[in-house]
$ cat target-v1.txt   # compact mmCIF, C-alpha atoms
# COMPACT_ATOMS: atom_id res chain seq x y z
CA MET A 1 -46.16 10.05 -19.99
CA PRO A 2 -46.76 8.00 -23.19
CA PRO A 3 -44.77 4.77 -23.39
CA ALA A 4 -42.98 5.83 -26.57
CA LYS A 5 -41.56 8.92 -24.93
CA ARG A 6 -40.41 7.05 -21.81
CA ALA A 7 -38.61 4.54 -23.97
CA THR A 8 -36.82 7.33 -25.81
CA ALA A 9 -35.70 8.88 -22.53
CA THR A 10 -34.33 5.73 -20.88
CA LEU A 11 -33.05 3.64 -23.77
CA PRO A 12 -29.99 5.73 -24.60
CA LEU A 13 -28.69 5.29 -21.02
CA ARG A 14 -29.36 1.54 -21.06
CA LYS A 15 -27.67 1.28 -24.43
CA THR A 16 -24.41 2.72 -23.08
CA PRO A 17 -22.85 -0.08 -21.05
CA GLN A 18 -19.58 0.42 -19.18
CA PRO A 19 -16.71 -0.55 -21.46
CA LYS A 20 -15.47 -4.03 -20.56
CA ARG A 21 -11.84 -3.03 -21.00
CA VAL A 22 -10.85 0.10 -19.19
CA SER A 23 -7.52 1.57 -20.14
CA PRO A 24 -5.19 1.07 -17.16
CA ALA A 25 -3.28 4.17 -18.32
CA VAL A 26 -5.49 6.43 -16.21
CA ILE A 27 -5.05 4.35 -13.05
CA ASP A 28 -2.17 5.18 -10.71
CA LEU A 29 -0.25 2.06 -9.62
CA GLY A 30 0.87 3.85 -6.46
CA VAL A 31 3.78 2.18 -4.65
CA LEU A 32 3.38 -0.93 -6.83
CA ASN A 33 5.08 1.06 -9.59
CA GLU A 34 8.33 0.86 -7.57
CA HIS A 35 7.96 -2.80 -6.59
CA LEU A 36 10.01 -5.26 -8.59
CA GLY A 37 8.09 -8.08 -6.87
CA TYR A 38 4.83 -6.80 -8.34
CA PHE A 39 6.14 -6.70 -11.92
CA VAL A 40 7.90 -10.08 -11.61
CA ARG A 41 4.62 -11.60 -10.45
CA ARG A 42 2.58 -9.99 -13.25
CA PHE A 43 5.14 -11.04 -15.88
CA GLN A 44 5.40 -14.58 -14.56
CA VAL A 45 1.63 -15.08 -14.39
CA ALA A 46 1.20 -13.67 -17.90
CA ILE A 47 3.84 -15.82 -19.59
CA PHE A 48 3.04 -18.95 -17.55
CA GLN A 49 -0.45 -19.08 -19.06
CA ASP A 50 1.10 -19.28 -22.53
CA PHE A 51 3.56 -21.96 -21.43
CA ILE A 52 0.82 -24.09 -19.80
CA ARG A 53 -1.33 -23.77 -22.93
CA ARG A 54 1.44 -24.85 -25.30
CA LEU A 55 2.54 -27.87 -23.22
CA SER A 56 -1.07 -28.95 -22.64
CA ARG A 57 -1.17 -30.07 -26.29
CA ILE A 58 0.87 -33.10 -25.23
CA ASP A 59 -0.68 -33.27 -21.71
CA ILE A 60 2.50 -32.15 -19.96
CA SER A 61 2.59 -29.56 -17.16
CA PRO A 62 5.44 -27.06 -16.74
CA ALA A 63 6.66 -28.95 -13.65
CA GLN A 64 6.58 -32.27 -15.53
CA PHE A 65 8.53 -30.63 -18.35
CA SER A 66 11.28 -29.51 -15.93
CA VAL A 67 11.44 -33.00 -14.43
CA LEU A 68 11.74 -34.66 -17.85
CA VAL A 69 14.46 -32.19 -18.93
CA ILE A 70 16.53 -32.76 -15.79
CA ILE A 71 16.22 -36.55 -15.96
CA GLY A 72 17.01 -36.47 -19.68
CA ALA A 73 20.14 -34.39 -19.10
CA ASN A 74 21.27 -36.38 -16.03
CA GLU A 75 20.40 -40.03 -16.56
CA GLY A 76 20.70 -42.03 -13.36
CA LEU A 77 20.30 -39.11 -10.97
CA SER A 78 18.45 -39.70 -7.72
CA GLN A 79 15.06 -38.42 -6.66
CA SER A 80 16.65 -36.20 -4.00
CA GLU A 81 19.06 -34.68 -6.52
CA LEU A 82 16.14 -33.99 -8.87
CA GLY A 83 14.03 -32.47 -6.08
CA SER A 84 16.76 -30.20 -4.76
CA THR A 85 17.69 -29.01 -8.25
CA LEU A 86 14.12 -28.00 -9.10
CA GLY A 87 13.01 -27.00 -5.61
CA ILE A 88 10.16 -29.52 -5.62
CA GLU A 89 9.23 -30.89 -2.23
CA ARG A 90 9.54 -34.63 -1.68
CA ALA A 91 5.84 -35.59 -1.42
CA ARG A 92 4.92 -33.70 -4.57
CA LEU A 93 7.87 -35.13 -6.49
CA VAL A 94 6.94 -38.68 -5.47
CA ARG A 95 3.42 -38.14 -6.85
CA MET A 96 4.80 -36.63 -10.06
CA LEU A 97 7.26 -39.47 -10.65
CA HIS A 98 4.57 -42.04 -9.91
CA LEU A 99 2.37 -40.46 -12.59
CA LEU A 100 5.20 -40.24 -15.13
CA ASP A 101 6.09 -43.88 -14.41
CA LYS A 102 2.47 -44.92 -14.93
CA ARG A 103 2.41 -43.08 -18.27
CA GLY A 104 5.52 -45.01 -19.24
CA LEU A 105 7.68 -41.89 -19.60
CA THR A 106 10.14 -42.47 -16.75
CA GLU A 107 11.48 -45.45 -14.84
CA ARG A 108 13.21 -45.98 -11.54
CA LEU A 109 16.03 -48.49 -11.44
CA PRO A 110 17.79 -49.67 -8.30
CA SER A 111 21.08 -47.82 -8.10
CA SER A 112 24.19 -49.99 -8.10
CA ALA A 113 25.82 -47.80 -5.43
CA ASP A 114 23.01 -47.92 -2.90
CA GLY A 115 20.09 -50.34 -2.83
CA ARG A 116 17.71 -47.79 -1.23
CA ARG A 117 18.45 -45.11 -3.81
CA HIS A 118 16.78 -45.15 -7.21
CA ALA A 119 18.37 -44.05 -10.43
CA LEU A 120 15.91 -42.18 -12.64
CA ARG A 121 15.84 -42.36 -16.40
CA LEU A 122 13.58 -41.70 -19.34
CA THR A 123 12.01 -44.56 -21.27
CA ARG A 124 12.05 -44.48 -25.07
CA ALA A 125 8.53 -42.98 -24.94
CA GLY A 126 9.78 -40.43 -22.40
CA GLN A 127 12.55 -39.37 -24.77
CA THR A 128 10.01 -38.85 -27.55
CA THR A 129 7.70 -36.84 -25.29
CA LEU A 130 10.63 -34.74 -24.06
CA LYS A 131 11.61 -33.96 -27.65
CA GLN A 132 8.07 -32.75 -28.42
CA ALA A 133 7.92 -30.78 -25.16
CA LYS A 134 11.27 -29.11 -25.90
CA ALA A 135 9.97 -27.95 -29.27
CA LEU A 136 6.84 -26.45 -27.65
CA ALA A 137 8.94 -24.83 -24.88
CA ALA A 138 11.27 -23.35 -27.49
CA GLN A 139 8.25 -21.77 -29.21
CA HIS A 140 7.20 -20.29 -25.87
CA GLU A 141 10.69 -18.88 -25.25
CA ALA A 142 10.78 -17.46 -28.78
CA SER A 143 7.52 -15.64 -28.04
CA LEU A 144 9.16 -13.84 -25.08
CA LEU A 145 11.99 -12.41 -27.17
CA PRO A 146 9.95 -9.83 -29.16
CA LYS A 147 8.08 -8.84 -25.95
CA LEU A 148 11.28 -7.89 -24.15
CA GLY A 149 13.63 -7.21 -27.04
CA PRO A 150 16.93 -9.15 -27.36
CA GLU A 151 18.92 -6.90 -25.01
CA ARG A 152 16.44 -7.00 -22.12
CA TYR A 153 15.87 -10.71 -22.67
CA ARG A 154 19.60 -11.38 -22.32
CA GLN A 155 19.97 -9.03 -19.32
CA MET A 156 17.11 -10.70 -17.45
CA LEU A 157 18.30 -14.21 -18.28
CA ASP A 158 21.83 -13.38 -17.06
CA ALA A 159 20.58 -11.65 -13.91
CA LEU A 160 18.13 -14.39 -12.90
CA ARG A 161 20.56 -17.19 -13.72
CA ALA A 162 23.15 -15.47 -11.52
CA VAL A 163 20.83 -15.26 -8.51
CA SER A 164 19.21 -18.68 -8.89
CA MET X 1 30.05 -66.75 7.64
CA PRO X 2 30.22 -65.62 11.33
CA PRO X 3 27.75 -62.87 12.30
CA ALA X 4 30.53 -60.49 13.45
CA LYS X 5 32.20 -60.56 10.06
CA ARG X 6 28.93 -59.97 8.19
CA ALA X 7 28.21 -56.93 10.35
CA THR X 8 31.65 -55.49 9.63
CA ALA X 9 31.12 -55.93 5.91
CA THR X 10 27.70 -54.27 5.71
CA LEU X 11 27.75 -51.61 8.43
CA PRO X 12 30.07 -49.13 6.74
CA LEU X 13 27.68 -49.00 3.75
CA ARG X 14 24.64 -48.53 5.99
CA LYS X 15 26.44 -45.82 7.93
CA THR X 16 26.95 -43.70 4.81
CA PRO X 17 23.52 -42.13 4.15
CA GLN X 18 22.87 -40.05 1.06
CA PRO X 19 23.37 -36.38 1.90
CA LYS X 20 20.00 -34.65 2.31
CA ARG X 21 21.14 -31.60 0.42
CA VAL X 22 22.75 -32.37 -2.87
CA SER X 23 24.71 -29.57 -4.48
CA PRO X 24 22.86 -28.58 -7.66
CA ALA X 25 26.23 -27.65 -9.14
CA VAL X 26 26.74 -31.20 -10.39
CA ILE X 27 23.33 -31.39 -12.06
CA ASP X 28 22.99 -30.20 -15.65
CA LEU X 29 19.93 -27.95 -16.15
CA GLY X 30 19.85 -28.92 -19.82
CA VAL X 31 17.71 -26.64 -21.99
CA LEU X 32 16.23 -25.02 -18.86
CA ASN X 33 19.51 -23.12 -18.54
CA GLU X 34 18.54 -21.14 -21.66
CA HIS X 35 14.90 -20.60 -20.69
CA LEU X 36 14.06 -17.21 -19.24
CA GLY X 37 10.62 -18.55 -18.33
CA TYR X 38 12.21 -21.16 -16.07
CA PHE X 39 14.30 -18.61 -14.16
CA VAL X 40 11.45 -16.09 -13.91
CA ARG X 41 9.27 -18.81 -12.39
CA ARG X 42 11.95 -19.93 -9.91
CA PHE X 43 12.68 -16.33 -8.89
CA GLN X 44 9.01 -15.42 -8.54
CA VAL X 45 8.18 -18.50 -6.45
CA ALA X 46 11.22 -17.89 -4.21
CA ILE X 47 10.50 -14.23 -3.48
CA PHE X 48 6.72 -14.68 -3.27
CA GLN X 49 7.12 -16.91 -0.23
CA ASP X 50 8.92 -14.10 1.59
CA PHE X 51 6.27 -11.58 0.56
CA ILE X 52 3.38 -13.83 1.71
CA ARG X 53 5.12 -14.44 5.04
CA ARG X 54 5.69 -10.74 5.76
CA LEU X 55 2.14 -9.65 4.86
CA SER X 56 0.61 -12.55 6.81
CA ARG X 57 1.59 -10.73 10.03
CA ILE X 58 -1.36 -8.42 9.38
CA ASP X 59 -3.48 -11.12 7.71
CA ILE X 60 -3.19 -9.58 4.23
CA SER X 61 -2.49 -11.57 1.06
CA PRO X 62 -0.36 -10.21 -1.81
CA ALA X 63 -3.51 -9.82 -3.96
CA GLN X 64 -5.31 -7.96 -1.17
CA PHE X 65 -2.27 -5.71 -0.81
CA SER X 66 -2.40 -4.79 -4.51
CA VAL X 67 -6.12 -4.09 -4.27
CA LEU X 68 -5.68 -1.83 -1.23
CA VAL X 69 -2.81 0.06 -2.90
CA ILE X 70 -4.78 0.69 -6.09
CA ILE X 71 -7.92 1.79 -4.25
CA GLY X 72 -5.82 4.00 -1.96
CA ALA X 73 -4.11 5.66 -4.91
CA ASN X 74 -7.32 6.00 -6.97
CA GLU X 75 -10.20 6.77 -4.62
CA GLY X 76 -13.56 6.35 -6.33
CA LEU X 77 -12.38 4.03 -9.07
CA SER X 78 -14.76 1.31 -10.24
CA GLN X 79 -14.51 -2.42 -9.73
CA SER X 80 -13.92 -2.98 -13.45
CA GLU X 81 -11.10 -0.42 -13.51
CA LEU X 82 -9.52 -2.13 -10.50
CA GLY X 83 -9.89 -5.57 -12.05
CA SER X 84 -8.44 -4.64 -15.41
CA THR X 85 -5.52 -2.79 -13.82
CA LEU X 86 -4.50 -5.77 -11.69
CA GLY X 87 -5.59 -8.51 -14.10
CA ILE X 88 -7.94 -10.05 -11.53
CA GLU X 89 -10.99 -11.77 -12.98
CA ARG X 90 -14.41 -10.45 -12.00
CA ALA X 91 -15.67 -13.33 -9.83
CA ARG X 92 -12.47 -13.45 -7.79
CA LEU X 93 -12.41 -9.67 -7.35
CA VAL X 94 -16.04 -9.67 -6.16
CA ARG X 95 -15.14 -12.22 -3.47
CA MET X 96 -12.05 -10.24 -2.46
CA LEU X 97 -13.93 -6.96 -2.17
CA HIS X 98 -16.71 -8.64 -0.22
CA LEU X 99 -14.13 -9.91 2.28
CA LEU X 100 -12.37 -6.54 2.55
CA ASP X 101 -15.75 -4.83 3.04
CA LYS X 102 -16.65 -7.31 5.79
CA ARG X 103 -13.34 -6.60 7.53
CA GLY X 104 -14.21 -2.92 7.38
CA LEU X 105 -11.21 -2.01 5.20
CA THR X 106 -13.00 -0.94 2.02
CA GLU X 107 -16.41 0.41 1.10
CA ARG X 108 -18.47 0.67 -2.06
CA LEU X 109 -20.41 3.85 -2.61
CA PRO X 110 -22.94 4.42 -5.40
CA SER X 111 -21.18 6.46 -8.07
CA SER X 112 -22.80 9.80 -8.85
CA ALA X 113 -22.18 9.27 -12.57
CA ASP X 114 -23.86 5.89 -12.89
CA GLY X 115 -26.18 4.22 -10.40
CA ARG X 116 -25.06 0.68 -11.35
CA ARG X 117 -21.38 1.51 -10.93
CA HIS X 118 -19.76 1.55 -7.50
CA ALA X 119 -16.99 3.86 -6.41
CA LEU X 120 -14.45 2.08 -4.23
CA ARG X 121 -12.62 3.66 -1.36
CA LEU X 122 -10.69 2.75 1.77
CA THR X 123 -12.21 3.23 5.19
CA ARG X 124 -10.13 4.84 7.96
CA ALA X 125 -9.22 1.30 9.14
CA GLY X 126 -8.31 0.41 5.54
CA GLN X 127 -5.94 3.36 5.37
CA THR X 128 -4.23 2.23 8.57
CA THR X 129 -3.91 -1.36 7.32
CA LEU X 130 -2.56 -0.14 3.98
CA LYS X 131 0.09 1.93 5.78
CA GLN X 132 1.22 -1.13 7.76
CA ALA X 133 1.15 -3.30 4.62
CA LYS X 134 3.23 -0.78 2.68
CA ALA X 135 5.89 -0.84 5.40
CA LEU X 136 6.04 -4.66 5.25
CA ALA X 137 6.11 -4.62 1.43
CA ALA X 138 8.94 -2.08 1.50
CA GLN X 139 10.94 -4.44 3.74
CA HIS X 140 10.33 -7.23 1.22
CA GLU X 141 11.48 -5.05 -1.68
CA ALA X 142 14.56 -3.98 0.30
CA SER X 143 15.43 -7.66 0.75
CA LEU X 144 15.54 -8.13 -3.05
CA LEU X 145 18.08 -5.39 -3.60
CA PRO X 146 21.14 -7.15 -2.10
CA LYS X 147 20.13 -10.41 -3.87
CA LEU X 148 20.26 -8.79 -7.31
CA GLY X 149 22.56 -5.83 -6.70
CA PRO X 150 21.35 -2.27 -7.43
CA GLU X 151 22.17 -2.33 -11.15
CA ARG X 152 20.35 -5.60 -11.93
CA TYR X 153 17.46 -4.57 -9.69
CA ARG X 154 17.01 -1.34 -11.66
CA GLN X 155 17.44 -3.09 -15.04
CA MET X 156 14.81 -5.68 -14.21
CA LEU X 157 12.38 -3.13 -12.80
CA ASP X 158 12.72 -0.95 -15.91
CA ALA X 159 12.42 -3.91 -18.29
CA LEU X 160 9.35 -5.45 -16.61
CA ARG X 161 7.64 -2.10 -16.14
CA ALA X 162 8.14 -1.43 -19.85
CA VAL X 163 6.51 -4.71 -20.92
CA SER X 164 3.70 -4.72 -18.36
$ encode --input "target-v1.txt" --output "structure tokens"
Amino acid sequence: MPPAKRATATLPLRKTPQPKRVSPAVIDLGVLNEHLGYFVRRFQVAIFQDFIRRLSRIDISPAQFSVLVIIGANEGLSQSELGSTLGIERARLVRMLHLLDKRGLTERLPSSADGRRHALRLTRAGQTTLKQAKALAAQHEASLLPKLGPERYRQMLDALRAVS
Amino acid sequence: MPPAKRATATLPLRKTPQPKRVSPAVIDLGVLNEHLGYFVRRFQVAIFQDFIRRLSRIDISPAQFSVLVIIGANEGLSQSELGSTLGIERARLVRMLHLLDKRGLTERLPSSADGRRHALRLTRAGQTTLKQAKALAAQHEASLLPKLGPERYRQMLDALRAVS
């Protein structure tokens, strides 16, 4: 078989790669289609990427953002109050606060009520960072609204706030 | 000052430890209280723990469960179809399928349509494991219903399914 002919016969096949994006419309989700847990996970993972990306502009993680918000709204609260409010385990919270302290965003003052307890508060720099982070977080939230529509957004917020 | 008196003065303070569990009711969530993303994350993390725990009884992860369900409901689908349906990146999916193959739960057959493409399917053992996993997943889903109430459960499922 002459080379030219062989090339003609095989090239068309080689030139038709599998499409990178396959429409999921043809795939049956099976029982997953009835699992709220599955859709909550998919939704959370999808929106969390956007949130991480936005906050990364000021080198703040979502968990650090929550910590700064809670300290900012509750000056003088204790580490255990902060941890139980956000569901962050003690060892991880200690590391986070150490890092935020080192960056000069938070400080721990001895509490007047109990010498072993520390009262947490934001530094001036922490207040500035929190303000920037709030603006970025608000942009993220605003991006969810058109995805869900205002009615579904409100329904989900009410439902999840009620069960939290 | 006599030692007895000093002890009397300090002991009551030392005997009043901070409560380990602080009621979050007194803590202001600040802007987080208006962030759907915050509540979705908290809800997802909370329920995911239960899901992981239940599936761990048969040594299956949530991601492996999704993969088994999709293969079971779409015998002969390709790896790229599976990956794009579940949003799992290629390298991670390859590792997962390799592990499931090694455990004898899945197999990859050459597709008749395209020699480079593999058709995925469950083995007999894979079908048995999927059946067990579905029963555990159904128990997990059933545990969400009383948390949310049937109306909120249905609203959230409809809303998230619509945006997925």
$ closest_atom_pairs --input "target-v1.txt" --of "chain X" --to "chain A" --cutoff "8 Å" --atoms "all atoms listed in the file" --output "JSON lines"
{"residue": "X:Lys20", "atom": "CA", "partner": "A:Ser80", "partner_atom": "CA", "distance": 7.3}
{"residue": "X:Arg21", "atom": "CA", "partner": "A:Ser84", "partner_atom": "CA", "distance": 6.9}
{"residue": "X:Val22", "atom": "CA", "partner": "A:Glu81", "partner_atom": "CA", "distance": 5.7}
{"residue": "X:Ser23", "atom": "CA", "partner": "A:Glu81", "partner_atom": "CA", "distance": 7.9}
{"residue": "X:Pro24", "atom": "CA", "partner": "A:Thr85", "partner_atom": "CA", "distance": 5.2}
{"residue": "X:Ile27", "atom": "CA", "partner": "A:Asn74", "partner_atom": "CA", "distance": 6.7}
{"residue": "X:Asp28", "atom": "CA", "partner": "A:Ala73", "partner_atom": "CA", "distance": 6.1}
{"residue": "X:Leu29", "atom": "CA", "partner": "A:Ile70", "partner_atom": "CA", "distance": 5.9}
{"residue": "X:Gly30", "atom": "CA", "partner": "A:Ala73", "partner_atom": "CA", "distance": 5.5}
{"residue": "X:Val31", "atom": "CA", "partner": "A:Val69", "partner_atom": "CA", "distance": 7.1}
{"residue": "X:Leu32", "atom": "CA", "partner": "A:Ser66", "partner_atom": "CA", "distance": 7.3}
{"residue": "X:Asn33", "atom": "CA", "partner": "A:Arg161", "partner_atom": "CA", "distance": 7.7}
{"residue": "X:Glu34", "atom": "CA", "partner": "A:Leu157", "partner_atom": "CA", "distance": 7.7}
{"residue": "X:His35", "atom": "CA", "partner": "A:Glu141", "partner_atom": "CA", "distance": 6.4}
{"residue": "X:Leu36", "atom": "CA", "partner": "A:Leu157", "partner_atom": "CA", "distance": 5.3}
{"residue": "X:Gly37", "atom": "CA", "partner": "A:Glu141", "partner_atom": "CA", "distance": 6.9}
{"residue": "X:Phe39", "atom": "CA", "partner": "A:Leu160", "partner_atom": "CA", "distance": 5.8}
{"residue": "X:Val40", "atom": "CA", "partner": "A:Gln44", "partner_atom": "CA", "distance": 6.3}
{"residue": "X:Arg41", "atom": "CA", "partner": "A:Gln44", "partner_atom": "CA", "distance": 6.1}
{"residue": "X:Arg42", "atom": "CA", "partner": "A:Ser164", "partner_atom": "CA", "distance": 7.4}
{"residue": "X:Phe43", "atom": "CA", "partner": "A:Ser164", "partner_atom": "CA", "distance": 6.9}
{"residue": "X:Gln44", "atom": "CA", "partner": "A:Arg41", "partner_atom": "CA", "distance": 6.1}
{"residue": "X:Ile47", "atom": "CA", "partner": "A:Gly37", "partner_atom": "CA", "distance": 7.4}
{"residue": "X:Phe48", "atom": "CA", "partner": "A:Gly37", "partner_atom": "CA", "distance": 7.6}
{"residue": "X:Ser66", "atom": "CA", "partner": "A:Leu32", "partner_atom": "CA", "distance": 7.3}
{"residue": "X:Val69", "atom": "CA", "partner": "A:Gly30", "partner_atom": "CA", "distance": 6.4}
{"residue": "X:Ile70", "atom": "CA", "partner": "A:Leu29", "partner_atom": "CA", "distance": 5.9}
{"residue": "X:Ala73", "atom": "CA", "partner": "A:Gly30", "partner_atom": "CA", "distance": 5.5}
{"residue": "X:Asn74", "atom": "CA", "partner": "A:Asp28", "partner_atom": "CA", "distance": 6.4}
{"residue": "X:Ser80", "atom": "CA", "partner": "A:Val22", "partner_atom": "CA", "distance": 7.2}
{"residue": "X:Glu81", "atom": "CA", "partner": "A:Val22", "partner_atom": "CA", "distance": 5.7}
{"residue": "X:Ser84", "atom": "CA", "partner": "A:Val22", "partner_atom": "CA", "distance": 6.5}
{"residue": "X:Thr85", "atom": "CA", "partner": "A:Pro24", "partner_atom": "CA", "distance": 5.1}
{"residue": "X:Lys134", "atom": "CA", "partner": "A:Val31", "partner_atom": "CA", "distance": 7.9}
{"residue": "X:Glu141", "atom": "CA", "partner": "A:His35", "partner_atom": "CA", "distance": 6.4}
{"residue": "X:Lys147", "atom": "CA", "partner": "A:Val163", "partner_atom": "CA", "distance": 6.7}
{"residue": "X:Leu148", "atom": "CA", "partner": "A:Val163", "partner_atom": "CA", "distance": 6.6}
{"residue": "X:Arg152", "atom": "CA", "partner": "A:Ala159", "partner_atom": "CA", "distance": 6.4}
{"residue": "X:Tyr153", "atom": "CA", "partner": "A:Leu36", "partner_atom": "CA", "distance": 7.6}
{"residue": "X:Gln155", "atom": "CA", "partner": "A:Gln155", "partner_atom": "CA", "distance": 7.7}
{"residue": "X:Met156", "atom": "CA", "partner": "A:Met156", "partner_atom": "CA", "distance": 6.4}
{"residue": "X:Leu157", "atom": "CA", "partner": "A:Leu36", "partner_atom": "CA", "distance": 5.3}
{"residue": "X:Ala159", "atom": "CA", "partner": "A:Arg152", "partner_atom": "CA", "distance": 6.4}
{"residue": "X:Leu160", "atom": "CA", "partner": "A:Phe39", "partner_atom": "CA", "distance": 5.8}
{"residue": "X:Arg161", "atom": "CA", "partner": "A:Phe39", "partner_atom": "CA", "distance": 6.4}
{"residue": "X:Val163", "atom": "CA", "partner": "A:Leu148", "partner_atom": "CA", "distance": 6.6}
{"residue": "X:Ser164", "atom": "CA", "partner": "A:Phe43", "partner_atom": "CA", "distance": 6.9}
$ closest_residue --input "target-v1.txt" --among "A:Leu93, A:Leu100, A:Leu120, A:Leu109" --to "Ile60 (chain A)" --atoms "all atoms listed in the file"
A:Leu100
$ calpha_fit_rmsd --input "target-v1.txt" --fixed "chain X" --moving "chain A"
0.9 Å
$ atom_distance --input "target-v1.txt" --atom1 "CA of Ser61 (chain A)" --atom2 "CA of Gln49 (chain X)"
21.6 Å
$ atom_distance --input "target-v1.txt" --atom1 "CA of Asp59 (chain A)" --atom2 "CA of Gly126 (chain A)"
12.7 Å
$ atom_distance --input "target-v1.txt" --atom1 "CA of Glu107 (chain A)" --atom2 "CA of Asp50 (chain A)"
29.2 Å
$ axis_aligned_box --input "target-v1.txt" --around "region 133-150 of chain A" --padding-each-side "6 Å" --output "AutoDock Vina command-line options"
--center_x 11.9 --center_y -19.0 --center_z -26.7 --size_x 22.1 --size_y 35.6 --size_z 17.1
$ residues_around --input "target-v1.txt" --residues "Arg108 (chain A)" --least-positions-apart "3" --cutoff "10 Å" --atoms "only C-alpha atoms" --output "number ranges by chain"
A: 76-79, 97-98, 101, 111, 117-123
$ decode --input "target-v1.txt" --residues "region 110-162 of chain A" --atoms "C-alpha atoms" --output "PDB file, in the first residue's frame"
ATOM      1  CA  PRO A 110      -5.561  39.003  79.001  1.00  0.00           C
ATOM      2  CA  SER A 111      -9.208  39.078  79.998  1.00  0.00           C
ATOM      3  CA  SER A 112     -10.020  41.109  83.102  1.00  0.00           C
ATOM      4  CA  ALA A 113     -12.479  38.440  84.298  1.00  0.00           C
ATOM      5  CA  ASP A 114     -10.131  35.477  84.118  1.00  0.00           C
ATOM      6  CA  GLY A 115      -6.350  35.559  83.818  1.00  0.00           C
ATOM      7  CA  ARG A 116      -6.204  32.283  81.828  1.00  0.00           C
ATOM      8  CA  ARG A 117      -8.764  33.424  79.280  1.00  0.00           C
ATOM      9  CA  HIS A 118      -7.783  35.693  76.401  1.00  0.00           C
ATOM     10  CA  ALA A 119      -9.954  38.368  74.905  1.00  0.00           C
ATOM     11  CA  LEU A 120      -9.599  38.517  71.130  1.00  0.00           C
ATOM     12  CA  ARG A 121      -9.728  41.668  69.085  1.00  0.00           C
ATOM     13  CA  LEU A 122      -8.752  43.045  65.708  1.00  0.00           C
ATOM     14  CA  THR A 123      -5.827  45.420  65.349  1.00  0.00           C
ATOM     15  CA  ARG A 124      -6.219  48.534  63.193  1.00  0.00           C
ATOM     16  CA  ALA A 125      -4.639  46.565  60.311  1.00  0.00           C
ATOM     17  CA  GLY A 126      -7.075  43.718  61.004  1.00  0.00           C
ATOM     18  CA  GLN A 127     -10.011  46.102  60.712  1.00  0.00           C
ATOM     19  CA  THR A 128      -8.724  47.315  57.348  1.00  0.00           C
ATOM     20  CA  THR A 129      -8.214  43.763  56.078  1.00  0.00           C
ATOM     21  CA  LEU A 130     -11.676  42.761  57.300  1.00  0.00           C
ATOM     22  CA  LYS A 131     -13.214  45.682  55.421  1.00  0.00           C
ATOM     23  CA  GLN A 132     -11.496  44.588  52.184  1.00  0.00           C
ATOM     24  CA  ALA A 133     -12.454  40.951  52.784  1.00  0.00           C
ATOM     25  CA  LYS A 134     -16.099  41.899  53.396  1.00  0.00           C
ATOM     26  CA  ALA A 135     -16.205  43.715  50.065  1.00  0.00           C
ATOM     27  CA  LEU A 136     -14.792  40.657  48.259  1.00  0.00           C
ATOM     28  CA  ALA A 137     -17.201  38.329  50.114  1.00  0.00           C
ATOM     29  CA  ALA A 138     -20.120  40.573  49.185  1.00  0.00           C
ATOM     30  CA  GLN A 139     -19.118  40.263  45.512  1.00  0.00           C
ATOM     31  CA  HIS A 140     -19.076  36.483  45.910  1.00  0.00           C
ATOM     32  CA  GLU A 141     -22.536  36.483  47.518  1.00  0.00           C
ATOM     33  CA  ALA A 142     -23.845  38.775  44.775  1.00  0.00           C
ATOM     34  CA  SER A 143     -22.625  36.247  42.204  1.00  0.00           C
ATOM     35  CA  LEU A 144     -24.808  33.527  43.792  1.00  0.00           C
ATOM     36  CA  LEU A 145     -28.010  35.530  43.477  1.00  0.00           C
ATOM     37  CA  PRO A 146     -28.420  35.308  39.664  1.00  0.00           C
ATOM     38  CA  LYS A 147     -27.462  31.589  39.784  1.00  0.00           C
ATOM     39  CA  LEU A 148     -30.308  30.732  42.138  1.00  0.00           C
ATOM     40  CA  GLY A 149     -32.722  33.585  41.525  1.00  0.00           C
ATOM     41  CA  PRO A 150     -33.851  35.825  44.423  1.00  0.00           C
ATOM     42  CA  GLU A 151     -36.646  33.525  45.626  1.00  0.00           C
ATOM     43  CA  ARG A 152     -34.521  30.361  45.833  1.00  0.00           C
ATOM     44  CA  TYR A 153     -31.645  32.329  47.322  1.00  0.00           C
ATOM     45  CA  ARG A 154     -33.893  33.585  50.124  1.00  0.00           C
ATOM     46  CA  GLN A 155     -35.512  30.158  50.665  1.00  0.00           C
ATOM     47  CA  MET A 156     -32.138  28.435  50.985  1.00  0.00           C
ATOM     48  CA  LEU A 157     -30.704  31.123  53.250  1.00  0.00           C
ATOM     49  CA  ASP A 158     -33.755  30.915  55.548  1.00  0.00           C
ATOM     50  CA  ALA A 159     -33.747  27.105  55.570  1.00  0.00           C
ATOM     51  CA  LEU A 160     -30.022  26.713  56.266  1.00  0.00           C
ATOM     52  CA  ARG A 161     -29.979  29.487  58.863  1.00  0.00           C
ATOM     53  CA  ALA A 162     -32.862  27.742  60.644  1.00  0.00           C
TER      54      ALA A 162
END
